[in-house]
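See below for run-v2.txt, which holds compact mmCIF, C-alpha atoms.
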# COMPACT_ATOMS: atom_id res chain seq x y z
CA MET A 202 53.12 38.66 93.19
CA ALA A 203 49.67 39.17 91.62
CA PHE A 204 48.80 37.84 88.19
CA LEU A 205 49.80 40.88 86.19
CA LYS A 206 49.92 39.56 82.63
CA VAL A 207 47.09 37.03 82.32
CA VAL A 208 46.43 36.13 78.68
CA SER A 209 44.35 33.70 76.65
CA LEU A 210 45.83 30.39 75.52
CA GLU A 211 45.91 31.67 71.93
CA LYS A 212 47.84 34.77 72.96
CA ALA A 213 50.26 32.69 75.01
CA LEU A 214 50.98 30.47 72.00
CA GLU A 215 51.44 33.53 69.78
CA ILE A 216 54.02 34.93 72.23
CA ILE A 217 55.84 31.59 72.53
CA ASN A 218 55.95 31.17 68.76
CA SER A 219 57.57 34.61 68.47
CA PHE A 220 60.51 33.69 70.73
CA PRO A 221 63.90 34.06 69.01
CA LEU A 222 64.65 30.35 68.69
CA LYS A 223 65.11 28.68 65.33
CA PRO A 224 65.73 25.06 64.35
CA THR A 225 69.39 24.18 63.79
CA ILE A 226 70.76 21.35 61.67
CA GLU A 227 73.58 18.91 62.24
CA GLU A 228 75.00 16.03 60.23
CA ILE A 229 75.38 12.76 62.12
CA GLU A 230 76.46 9.17 61.51
CA ILE A 231 73.69 6.81 60.47
CA GLU A 232 74.40 4.77 63.63
CA GLU A 233 73.16 7.74 65.69
CA ALA A 234 70.17 8.60 63.50
CA HIS A 235 67.47 6.39 65.03
CA GLY A 236 64.75 8.53 66.61
CA ARG A 237 66.01 11.76 65.06
CA ILE A 238 64.08 14.11 62.75
CA LEU A 239 65.26 14.48 59.14
CA ALA A 240 66.33 17.97 58.12
CA GLU A 241 66.47 17.19 54.39
CA ASP A 242 64.58 15.30 51.74
CA ILE A 243 66.27 12.00 50.93
CA ILE A 244 66.66 11.24 47.22
CA SER A 245 68.04 7.85 46.24
CA PRO A 246 71.53 8.32 44.75
CA ILE A 247 71.54 4.81 43.26
CA ASP A 248 69.35 2.13 41.74
CA VAL A 249 68.34 -0.70 44.09
CA PRO A 250 69.28 -3.27 43.13
CA PRO A 251 72.21 -1.58 41.38
CA PHE A 252 72.39 -4.38 38.80
CA ASP A 253 70.15 -6.98 37.20
CA ARG A 254 70.18 -9.93 39.63
CA ALA A 255 68.78 -13.40 40.09
CA SER A 256 65.79 -13.67 42.40
CA VAL A 257 66.00 -17.47 42.56
CA ASP A 258 68.66 -20.17 42.59
CA GLY A 259 68.78 -21.65 39.10
CA TYR A 260 70.21 -21.25 35.64
CA ALA A 261 70.71 -18.01 33.74
CA LEU A 262 69.95 -18.35 30.06
CA LYS A 263 68.61 -16.82 26.87
CA SER A 264 64.85 -17.17 27.17
CA GLN A 265 64.37 -17.69 23.44
CA ASP A 266 66.38 -20.92 23.69
CA THR A 267 63.53 -22.44 25.72
CA TRP A 268 60.46 -21.29 23.85
CA ASN A 269 59.93 -24.67 22.15
CA ALA A 270 60.62 -26.71 25.32
CA SER A 271 57.99 -29.21 26.50
CA GLU A 272 57.75 -32.50 28.39
CA SER A 273 57.88 -34.38 25.10
CA ASN A 274 60.46 -32.12 23.49
CA PRO A 275 62.89 -30.86 26.20
CA VAL A 276 65.67 -28.39 25.46
CA VAL A 277 69.24 -29.23 26.43
CA LEU A 278 71.64 -26.40 27.29
CA LYS A 279 75.35 -26.54 28.06
CA VAL A 280 76.48 -25.31 31.51
CA ILE A 281 79.53 -23.05 30.99
CA GLY A 282 80.09 -21.79 34.56
CA GLU A 283 78.69 -20.50 37.82
CA VAL A 284 77.96 -17.07 39.31
CA HIS A 285 77.50 -16.56 43.05
CA ALA A 286 76.32 -13.57 45.08
CA GLY A 287 79.02 -10.96 45.53
CA GLU A 288 80.93 -12.03 42.43
CA GLU A 289 81.37 -10.24 39.14
CA PRO A 290 80.45 -12.63 36.30
CA LYS A 291 83.39 -13.73 34.19
CA VAL A 292 81.28 -15.53 31.60
CA GLU A 293 78.88 -14.47 28.87
CA VAL A 294 75.90 -16.62 27.95
CA GLY A 295 75.67 -17.50 24.29
CA ASP A 296 73.08 -19.38 22.26
CA GLY A 297 72.47 -22.85 23.69
CA GLU A 298 74.40 -22.04 26.87
CA THR A 299 73.51 -21.52 30.52
CA VAL A 300 75.21 -20.58 33.81
CA TYR A 301 74.33 -21.77 37.31
CA ILE A 302 73.45 -18.69 39.38
CA SER A 303 72.59 -18.16 43.06
CA THR A 304 69.96 -15.83 44.44
CA GLY A 305 71.20 -12.22 44.50
CA ALA A 306 74.02 -12.79 42.05
CA VAL A 307 74.66 -10.47 39.08
CA LEU A 308 72.97 -11.65 35.90
CA PRO A 309 75.74 -12.47 33.38
CA ARG A 310 75.85 -10.79 29.99
CA GLY A 311 73.75 -12.47 27.32
CA ALA A 312 71.17 -13.88 29.76
CA ASP A 313 67.69 -12.40 30.12
CA ALA A 314 66.03 -14.93 32.45
CA VAL A 315 66.66 -17.47 35.21
CA ILE A 316 64.88 -20.81 35.57
CA GLU A 317 64.63 -22.43 39.02
CA PHE A 318 66.95 -25.39 39.55
CA GLU A 319 64.02 -27.43 40.98
CA VAL A 320 62.24 -27.65 37.61
CA VAL A 321 65.21 -28.80 35.50
CA GLU A 322 67.42 -31.85 35.38
CA ARG A 323 71.21 -31.61 35.58
CA GLU A 324 73.38 -34.23 33.93
CA GLY A 325 77.06 -33.34 34.11
CA ASP A 326 77.56 -30.13 32.12
CA LYS A 327 74.08 -30.35 30.62
CA VAL A 328 70.75 -28.97 31.83
CA ILE A 329 67.49 -30.44 30.53
CA ILE A 330 64.57 -27.97 30.43
CA TYR A 331 60.93 -29.09 30.02
CA LYS A 332 59.05 -25.79 29.86
CA PRO A 333 59.47 -22.36 28.25
CA VAL A 334 61.00 -19.47 30.17
CA TYR A 335 59.96 -15.92 29.32
CA PRO A 336 62.12 -12.76 29.34
CA GLN A 337 62.73 -11.28 32.83
CA ALA A 338 61.58 -14.47 34.60
CA GLY A 339 63.50 -15.15 37.81
CA ILE A 340 65.34 -11.84 37.78
CA MET A 341 65.04 -8.40 39.38
CA LYS A 342 66.06 -5.60 37.07
CA ALA A 343 68.29 -2.76 38.28
CA GLY A 344 66.20 -0.05 39.94
CA THR A 345 63.07 -2.22 40.14
CA ASP A 346 62.98 -1.88 43.93
CA ILE A 347 64.22 1.72 44.22
CA PRO A 348 65.03 3.77 41.11
CA LYS A 349 67.80 6.35 41.25
CA GLY A 350 66.37 9.83 41.88
CA LYS A 351 63.28 8.65 43.75
CA LEU A 352 62.15 10.66 46.80
CA LEU A 353 62.47 8.19 49.68
CA LEU A 354 61.92 10.24 52.84
CA LYS A 355 60.64 13.76 53.37
CA LYS A 356 62.16 16.42 55.55
CA GLY A 357 60.53 16.21 58.99
CA THR A 358 60.32 12.41 59.03
CA LYS A 359 61.13 10.76 62.35
CA LEU A 360 63.66 8.02 61.70
CA GLY A 361 62.60 4.61 62.98
CA PHE A 362 64.29 1.30 62.23
CA LYS A 363 62.56 1.04 58.84
CA GLU A 364 63.76 4.48 57.79
CA THR A 365 67.35 3.88 58.90
CA ALA A 366 67.28 0.55 57.03
CA LEU A 367 66.14 2.40 53.91
CA LEU A 368 68.95 4.92 54.30
CA SER A 369 71.43 2.07 54.60
CA ALA A 370 69.98 0.38 51.51
CA VAL A 371 70.92 3.38 49.36
CA GLY A 372 74.33 3.87 50.94
CA PHE A 373 73.87 6.79 53.34
CA GLU A 374 76.68 6.90 55.90
CA ARG A 375 75.69 10.30 57.30
CA VAL A 376 72.42 12.23 57.35
CA LYS A 377 71.29 15.77 58.20
CA VAL A 378 68.90 16.01 61.15
CA PHE A 379 67.48 18.76 63.32
CA SER A 380 69.55 19.32 66.44
CA LYS A 381 67.91 18.25 69.67
CA PRO A 382 66.69 21.23 71.73
CA LYS A 383 68.51 21.17 75.07
CA VAL A 384 65.97 21.56 77.85
CA ALA A 385 66.77 22.21 81.52
CA ILE A 386 64.19 20.91 84.01
CA ILE A 387 64.09 22.20 87.58
CA SER A 388 61.63 21.06 90.26
CA THR A 389 60.94 23.59 93.00
CA GLY A 390 59.61 23.47 96.55
CA ASN A 391 60.71 22.83 100.12
CA GLU A 392 58.39 19.84 100.32
CA ILE A 393 59.93 18.02 97.33
CA ILE A 394 62.53 15.27 97.71
CA LEU A 395 64.09 12.89 95.21
CA PRO A 396 63.16 9.21 95.03
CA GLY A 397 65.50 7.23 97.26
CA GLU A 398 65.59 9.86 100.01
CA GLU A 399 63.87 9.30 103.34
CA LEU A 400 60.20 10.27 103.22
CA ARG A 401 59.79 12.42 106.32
CA PRO A 402 56.55 14.09 107.48
CA GLY A 403 55.50 16.91 105.16
CA LYS A 404 57.66 15.70 102.28
CA ILE A 405 56.60 14.23 98.93
CA TYR A 406 58.58 12.60 96.17
CA ASP A 407 59.25 14.63 93.04
CA ILE A 408 57.11 13.54 90.08
CA ASN A 409 57.37 16.44 87.67
CA GLY A 410 61.13 16.29 87.21
CA ARG A 411 60.94 12.73 85.94
CA ALA A 412 57.72 13.20 83.96
CA VAL A 413 58.80 16.40 82.19
CA SER A 414 62.31 15.09 81.49
CA ASP A 415 60.97 11.95 79.83
CA ALA A 416 58.28 13.89 77.95
CA VAL A 417 61.07 16.07 76.50
CA LYS A 418 62.94 12.93 75.45
CA GLU A 419 59.82 11.41 73.86
CA LEU A 420 59.40 14.58 71.82
CA GLY A 421 62.97 14.23 70.59
CA GLY A 422 64.62 16.83 72.82
CA GLU A 423 67.61 16.50 75.14
CA ALA A 424 66.55 16.66 78.80
CA HIS A 425 68.83 17.91 81.59
CA PHE A 426 67.25 17.41 85.00
CA MET A 427 68.88 19.87 87.39
CA ARG A 428 67.22 18.43 90.48
CA ILE A 429 65.44 20.58 93.06
CA ALA A 430 65.52 24.30 93.88
CA ARG A 431 64.23 25.30 97.32
CA ASP A 432 61.75 28.08 98.03
CA ASN A 433 64.31 30.79 98.56
CA GLU A 434 65.77 33.35 96.23
CA LYS A 435 69.37 32.14 96.49
CA SER A 436 68.60 28.51 95.61
CA LEU A 437 66.16 29.25 92.78
CA LYS A 438 68.23 32.02 91.22
CA LYS A 439 71.35 29.85 91.27
CA LYS A 440 69.55 27.03 89.47
CA ILE A 441 68.11 29.36 86.83
CA ILE A 442 71.50 30.94 86.13
CA GLU A 443 73.07 27.47 85.80
CA ALA A 444 70.31 26.49 83.37
CA LEU A 445 71.03 29.39 81.00
CA LYS A 446 73.53 27.21 79.12
CA TYR A 447 70.55 25.30 77.70
CA ASP A 448 67.99 26.33 75.05
CA ILE A 449 64.82 26.16 77.17
CA ILE A 450 64.25 26.21 80.93
CA ILE A 451 61.28 24.54 82.62
CA LEU A 452 60.44 24.95 86.29
CA SER A 453 57.57 23.18 88.02
CA GLY A 454 56.02 24.65 91.16
CA GLY A 455 56.63 28.12 92.55
CA ALA A 456 54.38 29.79 90.00
CA SER A 457 51.40 30.93 92.08
CA GLY A 458 50.90 34.28 93.79
CA GLY A 459 52.06 33.14 97.24
CA THR A 460 54.75 35.02 99.16
CA ARG A 461 57.22 32.14 98.79
CA ASP A 462 56.77 31.82 95.06
CA LEU A 463 59.75 33.70 93.71
CA THR A 464 59.85 32.54 90.11
CA ALA A 465 58.29 35.61 88.52
CA SER A 466 60.40 38.11 90.48
CA ILE A 467 63.64 36.28 89.62
CA ILE A 468 62.73 36.08 85.93
CA GLU A 469 61.92 39.79 85.98
CA GLU A 470 65.29 40.52 87.59
CA LEU A 471 67.26 38.40 85.09
CA GLY A 472 65.15 39.03 82.00
CA GLU A 473 61.50 39.70 81.24
CA VAL A 474 58.21 38.13 82.28
CA LYS A 475 56.06 37.86 79.16
CA ILE A 476 53.11 36.08 80.74
CA HIS A 477 52.05 35.63 84.36
CA GLY A 478 48.81 33.71 84.24
CA ILE A 479 46.84 32.02 81.48
CA ALA A 480 43.05 31.96 81.39
CA ILE A 481 42.77 28.19 81.71
CA GLN A 482 41.94 25.71 84.44
CA PRO A 483 43.92 23.96 85.79
CA GLY A 484 47.17 25.81 85.29
CA LYS A 485 46.28 29.49 85.51
CA PRO A 486 49.45 30.32 87.57
CA THR A 487 51.84 29.72 84.69
CA ILE A 488 54.77 32.08 84.10
CA ILE A 489 56.54 32.47 80.78
CA GLY A 490 59.52 34.72 80.21
CA LEU A 491 62.77 35.31 78.37
CA ILE A 492 66.27 35.46 79.84
CA ASP A 493 69.13 36.15 77.43
CA GLY A 494 66.91 35.00 74.57
CA ARG A 495 66.10 31.71 76.29
CA PRO A 496 62.45 30.87 77.02
CA ILE A 497 61.72 30.00 80.63
CA PHE A 498 58.47 28.35 81.69
CA GLY A 499 57.23 28.31 85.27
CA LEU A 500 54.64 25.53 85.27
CA PRO A 501 52.24 24.64 88.10
CA GLY A 502 53.33 22.12 90.71
CA TYR A 503 50.45 19.64 90.56
CA PRO A 504 51.44 16.88 88.10
CA THR A 505 48.23 17.02 86.05
CA SER A 506 48.40 20.81 85.71
CA CYS A 507 52.14 20.68 85.01
CA LEU A 508 51.91 18.08 82.24
CA THR A 509 48.78 19.64 80.76
CA ASN A 510 50.52 22.99 80.42
CA PHE A 511 53.70 21.33 79.18
CA THR A 512 51.65 19.68 76.43
CA LEU A 513 49.83 22.90 75.54
CA LEU A 514 52.72 25.38 75.76
CA VAL A 515 56.17 23.77 75.74
CA ALA A 516 55.66 20.80 73.43
CA PRO A 517 54.74 22.97 70.39
CA LEU A 518 57.98 24.96 70.84
CA ILE A 519 60.10 21.80 71.06
CA ARG A 520 58.39 20.43 67.96
CA LYS A 521 59.11 23.69 66.15
CA LEU A 522 62.81 23.43 67.01
CA LEU A 523 62.74 19.91 65.59
CA GLY A 524 61.48 21.20 62.25
CA MET A 525 57.82 20.34 62.82
CA ASP A 526 54.73 22.53 62.92
CA PHE A 527 54.11 24.75 65.94
CA LYS A 528 50.66 23.53 66.93
CA ILE A 529 48.56 21.62 69.42
CA GLU A 530 47.25 18.39 67.96
CA TYR A 531 43.69 17.33 68.79
CA THR A 532 41.66 14.22 68.22
CA LYS A 533 37.88 13.88 68.53
CA LYS A 534 36.08 11.48 70.86
CA LYS A 535 32.63 11.14 72.40
CA LEU A 536 32.17 11.98 76.08
CA ALA A 537 31.29 9.04 78.35
CA HIS A 538 29.00 11.06 80.64
CA LYS A 539 27.83 14.58 81.41
CA VAL A 540 30.33 16.99 83.01
CA PHE A 541 29.94 20.49 84.42
CA SER A 542 32.40 23.34 83.95
CA VAL A 543 32.93 26.89 85.20
CA LYS A 544 31.66 29.40 82.66
CA GLY A 545 34.18 32.08 81.76
CA ARG A 546 37.36 30.01 81.98
CA ARG A 547 38.63 27.46 79.49
CA GLN A 548 38.98 24.14 81.29
CA PHE A 549 41.06 21.08 80.49
CA LEU A 550 39.65 17.92 82.00
CA PRO A 551 41.79 14.74 82.20
CA VAL A 552 40.25 11.75 80.44
CA ARG A 553 40.94 8.10 79.82
CA ILE A 554 40.32 6.87 76.26
CA ASN A 555 38.38 3.66 75.63
CA ASP A 556 38.09 3.15 71.89
CA GLU A 557 36.15 6.22 70.68
CA VAL A 558 34.95 7.29 74.13
CA ALA A 559 36.57 9.81 76.50
CA GLN A 560 36.01 8.90 80.16
CA PRO A 561 36.48 11.95 82.46
CA ILE A 562 38.71 11.55 85.53
CA LEU A 563 37.24 13.71 88.28
CA LYS A 564 39.81 13.37 91.08
CA GLY A 565 41.20 16.90 90.79
CA SER A 566 44.58 18.12 89.53
CA GLY A 567 46.21 17.49 92.92
CA ALA A 568 45.75 13.72 92.67
CA VAL A 569 48.76 11.90 91.23
CA THR A 570 46.50 9.28 89.66
CA SER A 571 44.56 11.95 87.76
CA PHE A 572 47.64 12.28 85.59
CA ILE A 573 48.79 8.64 85.71
CA GLU A 574 45.40 7.28 84.61
CA ALA A 575 44.83 9.94 81.95
CA ASP A 576 45.49 9.44 78.25
CA GLY A 577 44.95 13.14 77.61
CA PHE A 578 42.53 15.93 78.37
CA VAL A 579 39.30 17.36 77.01
CA GLU A 580 39.04 21.03 76.20
CA VAL A 581 35.92 22.70 77.60
CA PRO A 582 35.42 26.15 76.00
CA GLU A 583 35.04 29.14 78.32
CA ASN A 584 31.44 29.80 77.24
CA VAL A 585 30.28 26.24 78.03
CA GLU A 586 28.91 25.12 81.40
CA ILE A 587 27.74 21.60 80.53
CA LEU A 588 29.03 18.94 78.17
CA GLU A 589 26.44 16.27 77.52
CA GLU A 590 26.94 12.50 77.45
CA GLY A 591 27.83 11.37 73.92
CA GLU A 592 28.85 14.88 72.85
CA GLU A 593 31.84 15.05 70.52
CA VAL A 594 34.77 16.72 72.26
CA ARG A 595 38.32 17.69 71.35
CA VAL A 596 40.96 15.68 73.20
CA VAL A 597 44.65 16.53 73.45
CA LEU A 598 46.60 13.31 74.02
CA PHE A 599 49.55 12.85 76.40
CA LYS A 600 51.46 11.43 73.44
CA PHE A 601 54.73 12.86 72.29

Structure translated into structure tokens:
Amino acid sequence: MAFLKVVSLEKALEIINSFPLKPTIEEIEIEEAHGRILAEDIISPIDVPPFDRASVDGYALKSQDTWNASESNPVVLKVIGEVHAGEEPKVEVGDGETVYISTGAVLPRGADAVIEFEVVEREGDKVIIYKPVYPQAGIMKAGTDIPKGKLLLKKGTKLGFKETALLSAVGFERVKVFSKPKVAIISTGNEIILPGEELRPGKIYDINGRAVSDAVKELGGEAHFMRIARDNEKSLKKKIIEALKYDIIILSGGASGGTRDLTASIIEELGEVKIHGIAIQPGKPTIIGLIDGRPIFGLPGYPTSCLTNFTLLVAPLIRKLLGMDFKIEYTKKKLAHKVFSVKGRRQFLPVRINDEVAQPILKGSGAVTSFIEADGFVEVPENVEILEEGEEVRVVLFKF
């Protein structure tokens, strides 16, 4: 099949962004929330701490009782009880009185400060104090750490261990997150075998199935590797039909114009081919279509081309379904040495990043190590033939 619907990268992204998929939201237990994307702003429902509490082990007292204390004129207070963490105080501190209190315990009524036990002397039910204590010393007021009503986390935040700890601190048992897009991954080709199988002449181990599946997971999606479809209509069509229970379908290989590349004709039979060819290098023979409202991507077979086009085309859609912006993220680096490009076609050149420098990898998209050694790729505009050493370039990172 010839390339019938070749488009620019911008047009391809416009078409993908128009696909009828929208983010969905689910509520999950906090135990399952790590790594998920928040679908709501989080407002603290409580003060943290929820009560005035001691921040040291010592004695809770009325600060004004100590204001005249000195080494030569110590103040003596009567100990009327103890308060430990987790207990509700059953005593009230009056004038000339004090209560032993442990760190984290609720400050008893009447007290407005805590003095450390190390700087006082205890004699039976008496405490001897040699220095003044000022109001609020040794205590943490309710809401000092987190006040009730404070915005803690914004919608779209990825929940790491710090964020889940914060949710726990304010009592969240469940949280609303964006549902994980379910992505089917199918490798294609008669030459492809799975790791663990015997490597016979003419065969190669599948790379793209593993790489794309784990890239989907790193983005926050749910990957379903459906193994390998062979280069015949029956095998490939069966796999595609099985994959229609998922949100997105990704195939690698079988996207060029060769007689055995059936992807486009099967998509056309089952749905509609939206794009057959993108004006970029590598990765021109990319197919994008819709079947029953589900996007299907036929990516090139070479690992570097496959993962480059995944990063450019599929990753923005997955991010969108996770409540994030639909966009390609760039960073800027300086080129390590001069490179030449083909004028008239936008090129993406794999590079390794060393500090602020992008080092081109010139092994070709067919080399496995072109992808393995690359941190990302440099965009070379279609009207540019030479990029000079030290020139600032835009780099898209293989970072999900």

Could you name the residues that touch segment 218-228 of chain A at 8 Å or less, counting all atoms listed in the file, but leaving out those on the same chain fewer than 3 positions away, as a VMD selection string?
chain A and resid 214 to 215 240 375 to 380 494 to 496 518 521 to 524 527

So how many Å separate atom CA of Val208 of chain A and atom CA of Thr487 of chain A, to one decimal?
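Separation between atom CA of Val208 of chain A and atom CA of Thr487 of chain A: 10.3 Å.
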
Distance atom CA of Ser209 of chain A-atom CA of Ala465 of chain A, one decimal place?
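Between these atoms lies a distance of 18.4 Å.
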
Could you give me, as a PDB file with C-alpha atoms, keeping the file's coordinate frame, the residues within 7 Å of segment 308-315 of chain A, counting only C-alpha atoms and dropping anything in the same chain fewer than 6 positions from it?
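Final output, saved to part11.pdb:
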ATOM      1  CA  ASP A 253      70.150  -6.980  37.200  1.00  0.00           C
ATOM      2  CA  ARG A 254      70.180  -9.930  39.630  1.00  0.00           C
ATOM      3  CA  ALA A 255      68.780 -13.400  40.090  1.00  0.00           C
ATOM      4  CA  GLY A 259      68.780 -21.650  39.100  1.00  0.00           C
ATOM      5  CA  TYR A 260      70.210 -21.250  35.640  1.00  0.00           C
ATOM      6  CA  ALA A 261      70.710 -18.010  33.740  1.00  0.00           C
ATOM      7  CA  LEU A 262      69.950 -18.350  30.060  1.00  0.00           C
ATOM      8  CA  LYS A 263      68.610 -16.820  26.870  1.00  0.00           C
ATOM      9  CA  SER A 264      64.850 -17.170  27.170  1.00  0.00           C
ATOM     10  CA  PRO A 290      80.450 -12.630  36.300  1.00  0.00           C
ATOM     11  CA  VAL A 292      81.280 -15.530  31.600  1.00  0.00           C
ATOM     12  CA  GLU A 293      78.880 -14.470  28.870  1.00  0.00           C
ATOM     13  CA  VAL A 294      75.900 -16.620  27.950  1.00  0.00           C
ATOM     14  CA  GLY A 295      75.670 -17.500  24.290  1.00  0.00           C
ATOM     15  CA  TYR A 335      59.960 -15.920  29.320  1.00  0.00           C
ATOM     16  CA  PRO A 336      62.120 -12.760  29.340  1.00  0.00           C
ATOM     17  CA  GLN A 337      62.730 -11.280  32.830  1.00  0.00           C
ATOM     18  CA  ALA A 338      61.580 -14.470  34.600  1.00  0.00           C
ATOM     19  CA  GLY A 339      63.500 -15.150  37.810  1.00  0.00           C
ATOM     20  CA  ILE A 340      65.340 -11.840  37.780  1.00  0.00           C
TER      21      ILE A 340
END

Per residue of segment 341-416 of chain A within 7 Å of segment 434-452 of chain A, what are the shortest atom pair and its distance in Å to one decimal, counting only C-alpha atoms, with rows by chain and residue number, as a Markdown table?
| residue | atom | partner | partner_atom | distance |
| --- | --- | --- | --- | --- |
| A:Pro382 | CA | A:Asp448 | CA | 6.2 |
| A:Lys383 | CA | A:Asp448 | CA | 5.2 |
| A:Val384 | CA | A:Ile449 | CA | 4.8 |
| A:Ala385 | CA | A:Ile450 | CA | 4.8 |
| A:Ile386 | CA | A:Ile451 | CA | 4.9 |
| A:Ile387 | CA | A:Leu452 | CA | 4.7 |
| A:Ser388 | CA | A:Leu452 | CA | 5.7 |
| A:Thr389 | CA | A:Leu452 | CA | 6.9 |

Write the residues of the preceding selection, restricted to C-alpha atoms, as a PDB file, in the coordinates of the input.
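Printed below is again_26.pdb as written:
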ATOM      1  CA  PRO A 382      66.690  21.230  71.730  1.00  0.00           C
ATOM      2  CA  LYS A 383      68.510  21.170  75.070  1.00  0.00           C
ATOM      3  CA  VAL A 384      65.970  21.560  77.850  1.00  0.00           C
ATOM      4  CA  ALA A 385      66.770  22.210  81.520  1.00  0.00           C
ATOM      5  CA  ILE A 386      64.190  20.910  84.010  1.00  0.00           C
ATOM      6  CA  ILE A 387      64.090  22.200  87.580  1.00  0.00           C
ATOM      7  CA  SER A 388      61.630  21.060  90.260  1.00  0.00           C
ATOM      8  CA  THR A 389      60.940  23.590  93.000  1.00  0.00           C
TER       9      THR A 389
END

If you keep C-alpha atoms, can you output segment 416-447 of chain A as a short mmCIF file (atom, residue, chain, number, x, y, z; two decimals), in the first residue's frame?
data_model
loop_
_atom_site.label_atom_id
_atom_site.label_comp_id
_atom_site.auth_asym_id
_atom_site.auth_seq_id
_atom_site.Cartn_x
_atom_site.Cartn_y
_atom_site.Cartn_z
CA ALA A 416 7.06 3.10 28.52
CA VAL A 417 3.27 2.95 28.86
CA LYS A 418 3.66 1.93 32.51
CA GLU A 419 6.16 4.73 33.18
CA LEU A 420 3.66 7.22 31.80
CA GLY A 421 1.04 5.88 34.19
CA GLY A 422 -0.94 3.73 31.77
CA GLU A 423 -1.90 0.06 31.99
CA ALA A 424 0.03 -2.04 29.46
CA HIS A 425 -1.30 -5.29 27.98
CA PHE A 426 1.32 -7.01 25.84
CA MET A 427 -0.51 -9.30 23.42
CA ARG A 428 2.65 -10.94 22.11
CA ILE A 429 3.39 -11.34 18.40
CA ALA A 430 1.23 -11.22 15.27
CA ARG A 431 2.68 -12.82 12.15
CA ASP A 432 2.81 -11.24 8.70
CA ASN A 433 -0.47 -12.64 7.48
CA GLU A 434 -3.95 -11.22 7.49
CA LYS A 435 -5.50 -13.89 9.72
CA SER A 436 -2.94 -13.52 12.53
CA LEU A 437 -2.80 -9.72 12.51
CA LYS A 438 -6.55 -9.21 12.19
CA LYS A 439 -7.22 -11.64 15.04
CA LYS A 440 -4.84 -9.77 17.33
CA ILE A 441 -6.33 -6.38 16.46
CA ILE A 442 -9.89 -7.59 17.09
CA GLU A 443 -8.81 -9.05 20.46
CA ALA A 444 -7.20 -5.71 21.34
CA LEU A 445 -10.42 -3.74 20.81
CA LYS A 446 -11.37 -4.31 24.45
CA TYR A 447 -8.64 -1.81 25.39
#
